[in-house]
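A short worksheet on the structure shown next.
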Amino acid sequence: MANGNGHKAVPPQGVPSLAGVLNSTSRRVVRVWITGINGMIGSNIAKALVGLSNSEDVKGPHYAVFGLVRYRANLGNLAGVLEDIKLTYGDLTDAQRIQDIIREVRPHTVFHFAAQAINGVSFQSETLTYKSNVEGTSNVMQALRGMGARVLVASSSTVYGSTSDSPDYIGRPIPESAPMGPVSPYGVSKAATEMICLQQHKAHGTHCVAVRLFIHVSPGGTEALALQEFCRQVAMIEGGKQEPVIRHGALKTRRDTTDVRDSATQLIKVLETSAPGEVYNVGSYVAEAVAAAEREGQGIDDQIAEFDSSRHNGVLSTEQLLRLVLAESPIGPRIELRQDESRMRAYDEAVLIADNAKLRNLTGWMPANEIQQTVKDVLNYWRSEVARRYPDAMTDHWYPSTKGE
């Protein structure tokens with residue numbers, strides 16, 4: 001099995017034995033199954049769990065990490081931990097296969113991330129989105145019924161939809177108690193995902209919690225997300241593979257933005273400590289800072305207008321995110337910005353900000369908010385990807401920090 005970027009997994013027969021894992025440690029073994037383990041979020045959860053298992057804290061558990069991937073999946077995001085995890089192969093929509101895997105793995109905890117996870121794509125692929133996200137989640141939850149596993153289901157801030165633009169919430173942090181109002185098929189599918197999770201808890205006693213993920217970024221994400229696409233285009237331009245024009249959609253939308261590498265450990269804590277049937281916003285917005293600003297007569301719009309990347313409280317307009325990317329490129333000032341109508345959506349929430357007080361009260365998390373470093377890391381990831389995909393790309397004028405990495 002190859003573990004380099006772009007290499008594909010060739011599935012073995014069956015599920016690997018746990019005997020070696022169980023005999024290798026005297027610590028309590030927790031079997032973890034992660035769907036979508038090769039994705040941006042799933043891979044960071046896997047890395048965090050492996051890191052905890054390799055720590056010197058002998059009182060902590062040893063995590064035997066299993067992950068669901070599709071046949072021939074790209075395993076690039078799992079580089080560095082492939083030797084420490086066990087992969088299972090199948091598709092969420094294959095109910096029998098999912099049931100067989102769960103019976104063999106017998107997980108104590110499950111992180112369910114696998115999904116058609118691109119909001120924009122859902123408008124063109126509604127049936128695929130519902131089949132993967134709703135039917136797939138139902139298959140997982142039914143297979144886990146009665147097993148006593150703790151389950152964390154990934155939902156999304158898109159479940160709020162039009163609620164975020166209503167008079168009660170527009171431009172303000174939105175709490176978990178706000179009503180759902182999804183507009184995109186993806187948002188609808190995630191609302192249904194939550195309901196499946198909560199229904200399984202109430203009707204069958206499954207220990208299930210849902211997390212509403214606001215915008216999450218890190219190296220290794222799909223180019224369908226704004227930051228990833230901006231960085232990909234800049235890397236292509238730097239490499240001489242694209243004219244010096246960045247094509248973009250709406251730039252005035254504002255989003256709560258979090259680095260997955262910062263929130264991954266918090267998702268683990270949620271699953272291990274939360275009561276069942278709960279829902280948590282996961283975003284970087286620091287409510288106290290805004291409350292203080294408002295006491296001084298400064299609103300959210302003023303804060304964003306006076307943007308400082310070191311103190312942004314997790315809230316960024318898409319344009320600000322793009323400007324941060326351009327600031328990291330030596331040719332950024334020479335790149336033209338051009339709106340592409342094909343990238344515009346019929347409806348897009350103006351502002352989505354997480355009220356994360358419930359999560360912080362549970363885990364004590366204080367988001368790092370180091371967005372400039374995140375941008376730099378994502379851009380360097382795409383520089384490496386362009387160099388890999390296009391061996392003839394020009395890279396001599398890239399920042400020295402990318403060479404030899």
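Ordering of the structure tokens sets the chain letters (A, B, ...), residue numbers begin anew at 1 in every chain, and ligands are numbered from 1 in the order given.
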
Requested in this report: Would you list the contacts of Leu92 in chain A as a VMD selection string, taking every protein, DNA or RNA residue within 12 Å and counting only C-alpha atoms, but skipping same-chain residues closer than 5 positions in sequence?
Outcome: chain A and resid 35 to 36 68 to 71 97 to 102 112 to 116 128 to 143

Create the file for the chosen residues now, containing C-alpha atoms and written as a short mmCIF file (atom, residue, chain, number, x, y, z; two decimals), in the first residue's frame.
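Saved to again.cif:
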```cif
data_model
loop_
_atom_site.label_atom_id
_atom_site.label_comp_id
_atom_site.auth_asym_id
_atom_site.auth_seq_id
_atom_site.Cartn_x
_atom_site.Cartn_y
_atom_site.Cartn_z
CA THR A 35 -15.56 7.21 8.23
CA GLY A 36 -13.90 9.49 5.69
CA LEU A 68 -13.45 3.67 6.19
CA VAL A 69 -12.24 4.63 2.72
CA ARG A 70 -13.51 3.91 -0.75
CA TYR A 71 -11.69 1.52 -3.01
CA ARG A 97 -20.80 -3.90 3.68
CA ILE A 98 -21.07 -1.26 6.40
CA GLN A 99 -22.74 -3.76 8.70
CA ASP A 100 -20.03 -6.36 8.03
CA ILE A 101 -17.23 -3.88 8.77
CA ILE A 102 -18.79 -2.71 12.02
CA HIS A 112 -18.72 9.82 11.07
CA PHE A 113 -17.26 12.32 8.58
CA ALA A 114 -17.72 10.59 5.21
CA ALA A 115 -20.13 12.56 3.04
CA GLN A 116 -20.63 14.56 -0.11
CA LEU A 128 -26.01 12.06 -4.87
CA THR A 129 -25.85 14.37 -1.85
CA TYR A 130 -28.96 12.90 -0.25
CA LYS A 131 -27.95 9.34 -1.02
CA SER A 132 -24.46 9.71 0.41
CA ASN A 133 -25.29 11.89 3.39
CA VAL A 134 -28.74 10.74 4.46
CA GLU A 135 -28.85 7.11 3.35
CA GLY A 136 -25.18 6.67 4.24
CA THR A 137 -25.67 8.01 7.76
CA SER A 138 -28.75 5.85 8.23
CA ASN A 139 -26.74 2.77 7.21
CA VAL A 140 -24.00 3.58 9.72
CA MET A 141 -26.41 4.28 12.57
CA GLN A 142 -28.49 1.18 11.96
CA ALA A 143 -25.38 -1.01 11.87
#
```

**Report entry** Residue contacts of Gln339 in chain A (9 Å, only C-alpha atoms) excluding same-chain residues fewer than 2 positions away, as number ranges by chain
**Finding:** A: 246-251, 337, 341-344

Query raised in the report: Can you tell me, as a VMD selection string, what residues are no more than 12 Å from range 48-59 of chain A when counting only C-alpha atoms, ignoring any on the same chain fewer than 5 positions away?
Result: chain A and resid 21 24 to 34 37 41 to 43 64 to 66 78 80 to 86 109 111 260 to 269

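We find CA of Arg388 in chain A and CA of Pro333 in chain A to be spaced 25.6 Å apart.
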
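Coordinates place CA of Pro367 in chain A at a distance of 26.3 Å from CA of Ser329 in chain A.
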
Report task. If you run DSSP over the backbone, which residues in range 73-317 of chain A end up alpha helix (DSSP H)? Put them as a ChimeraX atom specification. Result -> /A:95-105,119-124,126-130,136-144,185-204,226-238,260-273,287-295,300-305

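Of the listed residues A:Thr193, A:Asn77, A:Gln373, A:Ser122, the one whose atoms come nearest to Val209 in chain A is A:Thr193, with distances taken using only C-alpha atoms.
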
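Note that the spacing between CA of Thr158 in chain A and CA of Val188 in chain A amounts to 8.1 Å.
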
Report task. Can you pull out every residue within 8 Å of Gly277 in chain A, counting only C-alpha atoms, but drop anything in the same chain fewer than 4 positions away, and send it as a list in words? Result -> Cys197, Leu198, His201, Lys202, His207, Cys208, Val209 and Ala210 of chain A

Query raised in the report: Please, which residues of range 55-195 of chain A, numbered as in this document, come out strand (DSSP E or B) from DSSP, as a list in words?
Result: His62, Tyr63, Ala64, Val65, Phe66, Gly67, Leu68, Val69, Asn74, Ile85, Lys86, Leu87, Thr88, Tyr89, Thr109, Val110, Phe111, His112, Arg150, Val151, Leu152, Val153, Ala154, Ser155, Ser156 and Ile174 of chain A

Same residues, N, CA and C atoms, output as a PDB file, in the first residue's frame:
```pdb
ATOM      1  N   HIS A  62      -5.011   3.583  24.738  1.00  0.00           N
ATOM      2  CA  HIS A  62      -4.360   3.375  23.442  1.00  0.00           C
ATOM      3  C   HIS A  62      -5.477   3.268  22.411  1.00  0.00           C
ATOM      4  N   TYR A  63      -5.422   4.122  21.404  1.00  0.00           N
ATOM      5  CA  TYR A  63      -6.461   4.126  20.378  1.00  0.00           C
ATOM      6  C   TYR A  63      -6.064   3.224  19.219  1.00  0.00           C
ATOM      7  N   ALA A  64      -6.845   2.186  18.990  1.00  0.00           N
ATOM      8  CA  ALA A  64      -6.684   1.347  17.806  1.00  0.00           C
ATOM      9  C   ALA A  64      -7.558   1.970  16.721  1.00  0.00           C
ATOM     10  N   VAL A  65      -6.923   2.657  15.779  1.00  0.00           N
ATOM     11  CA  VAL A  65      -7.650   3.488  14.824  1.00  0.00           C
ATOM     12  C   VAL A  65      -7.935   2.724  13.536  1.00  0.00           C
ATOM     13  N   PHE A  66      -9.204   2.625  13.207  1.00  0.00           N
ATOM     14  CA  PHE A  66      -9.663   2.048  11.948  1.00  0.00           C
ATOM     15  C   PHE A  66     -10.330   3.154  11.135  1.00  0.00           C
ATOM     16  N   GLY A  67     -10.320   3.019   9.825  1.00  0.00           N
ATOM     17  CA  GLY A  67     -10.950   4.047   9.009  1.00  0.00           C
ATOM     18  C   GLY A  67     -11.627   3.468   7.788  1.00  0.00           C
ATOM     19  N   LEU A  68     -12.747   4.065   7.405  1.00  0.00           N
ATOM     20  CA  LEU A  68     -13.453   3.672   6.189  1.00  0.00           C
ATOM     21  C   LEU A  68     -13.001   4.545   5.036  1.00  0.00           C
ATOM     22  N   VAL A  69     -12.563   3.913   3.948  1.00  0.00           N
ATOM     23  CA  VAL A  69     -12.236   4.625   2.716  1.00  0.00           C
ATOM     24  C   VAL A  69     -12.855   3.877   1.546  1.00  0.00           C
ATOM     25  N   ASN A  74      -7.604   8.141  -2.411  1.00  0.00           N
ATOM     26  CA  ASN A  74      -6.352   8.876  -2.264  1.00  0.00           C
ATOM     27  C   ASN A  74      -6.000   8.933  -0.780  1.00  0.00           C
ATOM     28  N   ILE A  85      -2.499   2.844  11.580  1.00  0.00           N
ATOM     29  CA  ILE A  85      -3.948   2.691  11.481  1.00  0.00           C
ATOM     30  C   ILE A  85      -4.283   1.489  10.608  1.00  0.00           C
ATOM     31  N   LYS A  86      -5.546   1.077  10.653  1.00  0.00           N
ATOM     32  CA  LYS A  86      -6.039  -0.026   9.839  1.00  0.00           C
ATOM     33  C   LYS A  86      -7.185   0.492   8.977  1.00  0.00           C
ATOM     34  N   LEU A  87      -7.109   0.230   7.685  1.00  0.00           N
ATOM     35  CA  LEU A  87      -8.131   0.728   6.771  1.00  0.00           C
ATOM     36  C   LEU A  87      -9.147  -0.351   6.432  1.00  0.00           C
ATOM     37  N   THR A  88     -10.409   0.050   6.386  1.00  0.00           N
ATOM     38  CA  THR A  88     -11.484  -0.817   5.926  1.00  0.00           C
ATOM     39  C   THR A  88     -12.054  -0.183   4.665  1.00  0.00           C
ATOM     40  N   TYR A  89     -12.525  -1.010   3.752  1.00  0.00           N
ATOM     41  CA  TYR A  89     -12.887  -0.521   2.423  1.00  0.00           C
ATOM     42  C   TYR A  89     -14.357  -0.775   2.123  1.00  0.00           C
ATOM     43  N   THR A 109     -15.838   3.711  19.731  1.00  0.00           N
ATOM     44  CA  THR A 109     -16.197   5.071  19.340  1.00  0.00           C
ATOM     45  C   THR A 109     -16.165   5.195  17.825  1.00  0.00           C
ATOM     46  N   VAL A 110     -17.028   6.053  17.304  1.00  0.00           N
ATOM     47  CA  VAL A 110     -17.137   6.250  15.853  1.00  0.00           C
ATOM     48  C   VAL A 110     -17.190   7.745  15.555  1.00  0.00           C
ATOM     49  N   PHE A 111     -16.346   8.174  14.618  1.00  0.00           N
ATOM     50  CA  PHE A 111     -16.412   9.528  14.073  1.00  0.00           C
ATOM     51  C   PHE A 111     -16.935   9.404  12.646  1.00  0.00           C
ATOM     52  N   HIS A 112     -18.109   9.958  12.398  1.00  0.00           N
ATOM     53  CA  HIS A 112     -18.725   9.822  11.072  1.00  0.00           C
ATOM     54  C   HIS A 112     -18.563  11.119  10.287  1.00  0.00           C
ATOM     55  N   ARG A 150     -19.974   4.953  21.257  1.00  0.00           N
ATOM     56  CA  ARG A 150     -20.194   6.397  21.249  1.00  0.00           C
ATOM     57  C   ARG A 150     -20.009   6.883  19.814  1.00  0.00           C
ATOM     58  N   VAL A 151     -20.912   7.717  19.340  1.00  0.00           N
ATOM     59  CA  VAL A 151     -20.888   8.142  17.940  1.00  0.00           C
ATOM     60  C   VAL A 151     -20.920   9.666  17.854  1.00  0.00           C
ATOM     61  N   LEU A 152     -20.004  10.222  17.063  1.00  0.00           N
ATOM     62  CA  LEU A 152     -20.026  11.647  16.741  1.00  0.00           C
ATOM     63  C   LEU A 152     -20.344  11.786  15.264  1.00  0.00           C
ATOM     64  N   VAL A 153     -21.411  12.508  14.966  1.00  0.00           N
ATOM     65  CA  VAL A 153     -21.850  12.721  13.585  1.00  0.00           C
ATOM     66  C   VAL A 153     -21.536  14.157  13.184  1.00  0.00           C
ATOM     67  N   ALA A 154     -20.903  14.309  12.030  1.00  0.00           N
ATOM     68  CA  ALA A 154     -20.551  15.645  11.540  1.00  0.00           C
ATOM     69  C   ALA A 154     -21.742  16.283  10.840  1.00  0.00           C
ATOM     70  N   SER A 155     -22.200  17.386  11.401  1.00  0.00           N
ATOM     71  CA  SER A 155     -23.207  18.211  10.748  1.00  0.00           C
ATOM     72  C   SER A 155     -22.501  19.461  10.231  1.00  0.00           C
ATOM     73  N   SER A 156     -23.238  20.507   9.975  1.00  0.00           N
ATOM     74  CA  SER A 156     -22.656  21.684   9.329  1.00  0.00           C
ATOM     75  C   SER A 156     -23.414  22.947   9.715  1.00  0.00           C
ATOM     76  N   ILE A 174     -24.417  32.729  16.144  1.00  0.00           N
ATOM     77  CA  ILE A 174     -25.662  31.973  16.145  1.00  0.00           C
ATOM     78  C   ILE A 174     -25.527  30.759  17.069  1.00  0.00           C
TER      79      ILE A 174
END
```

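The smallest atom-to-atom distance between Val279 in chain A and any of A:Ser177, A:Thr93, A:Gln124, A:Ser162, using only C-alpha atoms, is found for A:Ser177.
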